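Colleague: One structure follows; several queries about it will come next.
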Amino acid sequence: MNEQIYDDLNLEKVIKAQFGPSLEIDSVIARRFAISRSGYATLFLTSKKQLYLYVASQSKLLFSDVKKIVSRIGLRADVYLPPKGRPHYFDEIGQQKFREVFPGRGHVSEIDVAYYRTLAPYNPALILVGEVKDGHVYCYDADASGGWRPVATFSYRRIRTS
């Protein structure tokens, strides 16, 4: 039990250092479950009853990879939090990658950059979850049919208020 408390405190410190918001972990739904052969995720509720997913991997992850992982886990993301101090991180990287491919383009629209935003490196990742799709949270399992198996049962839907 003490190890879990220390893990929670350590996760709070990592999130504060890398993403900025000071989150207080109230309960952990699924701790360090596999999302790939070298990656793991932790799904937790804060004291304000917001559901967050923290994703980390030893290998390189792109924004598109994280989006796919969130979907395969069985979640619907509300907000992908950018690194601390860079609120327009995904747009900056998208613009940069777009300029590398098309250096002579003058006016660049949001639609032009949409694909290139997904090429931004995003490891570790912090996601504010909007919904658990079917009441199950899935983890990666190479032996399971389809490669994913349920790791936890949890119902959640975020209701936005003003």
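Here's how to read the names in the structure tokens: chain A, B, ... by the order shown, residue numbers from 1 in each chain, ligand numbers from 1 in the order shown.
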Which residues are near region 26-29 of chain A? Cut-off 7 Å, only C-alpha atoms, ignore same chain within fewer than 3 positions. Put them as a PyMOL selection string.
Modeller: chain A and resi 43-47
Colleague: Within 10 Å of Asp112 (chain A), counting only C-alpha atoms, which residues show up once you throw out same-chain ones fewer than 4 positions away? Write them as a PyMOL selection string, please.
Modeller: chain A and resi 94-95+98+107-108+116-117
Colleague: DSSP says alpha helix (DSSP H) for which residues of chain A? Put them as a PyMOL selection string?
Modeller: chain A and resi 2-19+63-73+89-101+110-117
Colleague: Return as JSON, numbers by chain the full set of residues in chain A whose backbone-based DSSP assignment is strand (DSSP E or B).
Modeller: {"A": [25, 26, 27, 28, 29, 30, 31, 32, 33, 34, 39, 40, 41, 42, 43, 44, 45, 46, 51, 52, 53, 54, 55, 56, 57, 62, 75, 76, 77, 78, 79, 80, 81, 121, 125, 126, 127, 128, 129, 130, 131, 132, 136, 137, 138, 139, 140, 148, 149, 150, 151, 152, 153, 157]}
Colleague: Between A:Ile111, A:Ile69, A:Leu23, A:Val132, which is the closest to Ser36 (chain A) once you count only C-alpha atoms?
Modeller: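 Using only C-alpha atoms, the shortest distance to Ser36 (chain A) belongs to A:Ile69.
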Colleague: Give me, as a PDB file with C-alpha atoms, in the first residue's frame, all polymer residues having an atom no more than 12 Å from region 142-151 of chain A, counting only C-alpha atoms and skipping those fewer than 4 positions away in the same chain.
Modeller:
ATOM      1  CA  ILE A  29      -8.464   3.275 -11.644  1.00  0.00           C
ATOM      2  CA  ALA A  30      -5.679   1.346 -13.388  1.00  0.00           C
ATOM      3  CA  ARG A  31      -2.015   1.613 -12.436  1.00  0.00           C
ATOM      4  CA  ARG A  32       0.866   1.200 -14.915  1.00  0.00           C
ATOM      5  CA  PHE A  33      -0.992  -1.005 -17.388  1.00  0.00           C
ATOM      6  CA  ALA A  34       0.590  -1.917 -20.707  1.00  0.00           C
ATOM      7  CA  ILE A  35      -0.202   0.117 -23.821  1.00  0.00           C
ATOM      8  CA  SER A  36       2.525  -1.396 -25.998  1.00  0.00           C
ATOM      9  CA  ARG A  37       5.531  -3.643 -25.594  1.00  0.00           C
ATOM     10  CA  ALA A  41      -0.324   4.197 -18.764  1.00  0.00           C
ATOM     11  CA  THR A  42      -1.982   5.172 -15.503  1.00  0.00           C
ATOM     12  CA  LEU A  43      -5.643   6.157 -15.333  1.00  0.00           C
ATOM     13  CA  ILE A  69      -3.617   4.479 -27.911  1.00  0.00           C
ATOM     14  CA  SER A  71      -8.907   5.120 -28.607  1.00  0.00           C
ATOM     15  CA  ARG A  72      -7.712   1.536 -28.207  1.00  0.00           C
ATOM     16  CA  ILE A  73      -7.790   1.816 -24.420  1.00  0.00           C
ATOM     17  CA  GLY A  74     -11.490   2.590 -24.781  1.00  0.00           C
ATOM     18  CA  ASP A 134     -18.138   1.077 -23.137  1.00  0.00           C
ATOM     19  CA  GLY A 135     -17.438   0.892 -19.410  1.00  0.00           C
ATOM     20  CA  HIS A 136     -14.171  -1.013 -19.826  1.00  0.00           C
ATOM     21  CA  VAL A 137     -10.563   0.129 -19.850  1.00  0.00           C
ATOM     22  CA  TYR A 138      -8.339  -2.031 -22.036  1.00  0.00           C
TER      23      TYR A 138
END
Colleague: Restricting the calculation to only C-alpha atoms, which member of A:Leu11, A:Ile25, A:Thr153, A:Leu62 is positioned closest to Ile93 (chain A)?
Modeller: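 Smallest separation from Ile93 (chain A) among the options: A:Leu62.
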Colleague: Could you tell me which of A:Ala152, A:Leu75, A:Ile15, A:Leu119 comes closest to Ala56 (chain A) if we count only C-alpha atoms?
Modeller: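 Result for the nearest residue to Ala56 (chain A): A:Ile15.
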Colleague: For the atom pair CA of Pro121 (chain A) and CA of Phe90 (chain A), what is the interatomic distance in Å to one decimal place?
Modeller: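 Distance between the two atoms: 8.9 Å.
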Colleague: Need the shell around Gly130 (chain A): protein/DNA/RNA residues with any atom at most 6 Å away, counting only C-alpha atoms. Skip same-chain ones fewer than 5 positions apart. Format as a ChimeraX atom specification?
Modeller: /A:76-78,157-158
Colleague: Kindly give the distance, in Å, that separates CA of Thr161 (chain A) and CA of Val55 (chain A), rounded to a single decimal.
Modeller: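 One can read the CA of Thr161 (chain A) to CA of Val55 (chain A) distance as 26.6 Å.
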Colleague: Between CA of Tyr54 (chain A) and CA of Glu12 (chain A), what is the spacing in Å?
Modeller: 10.4 Å
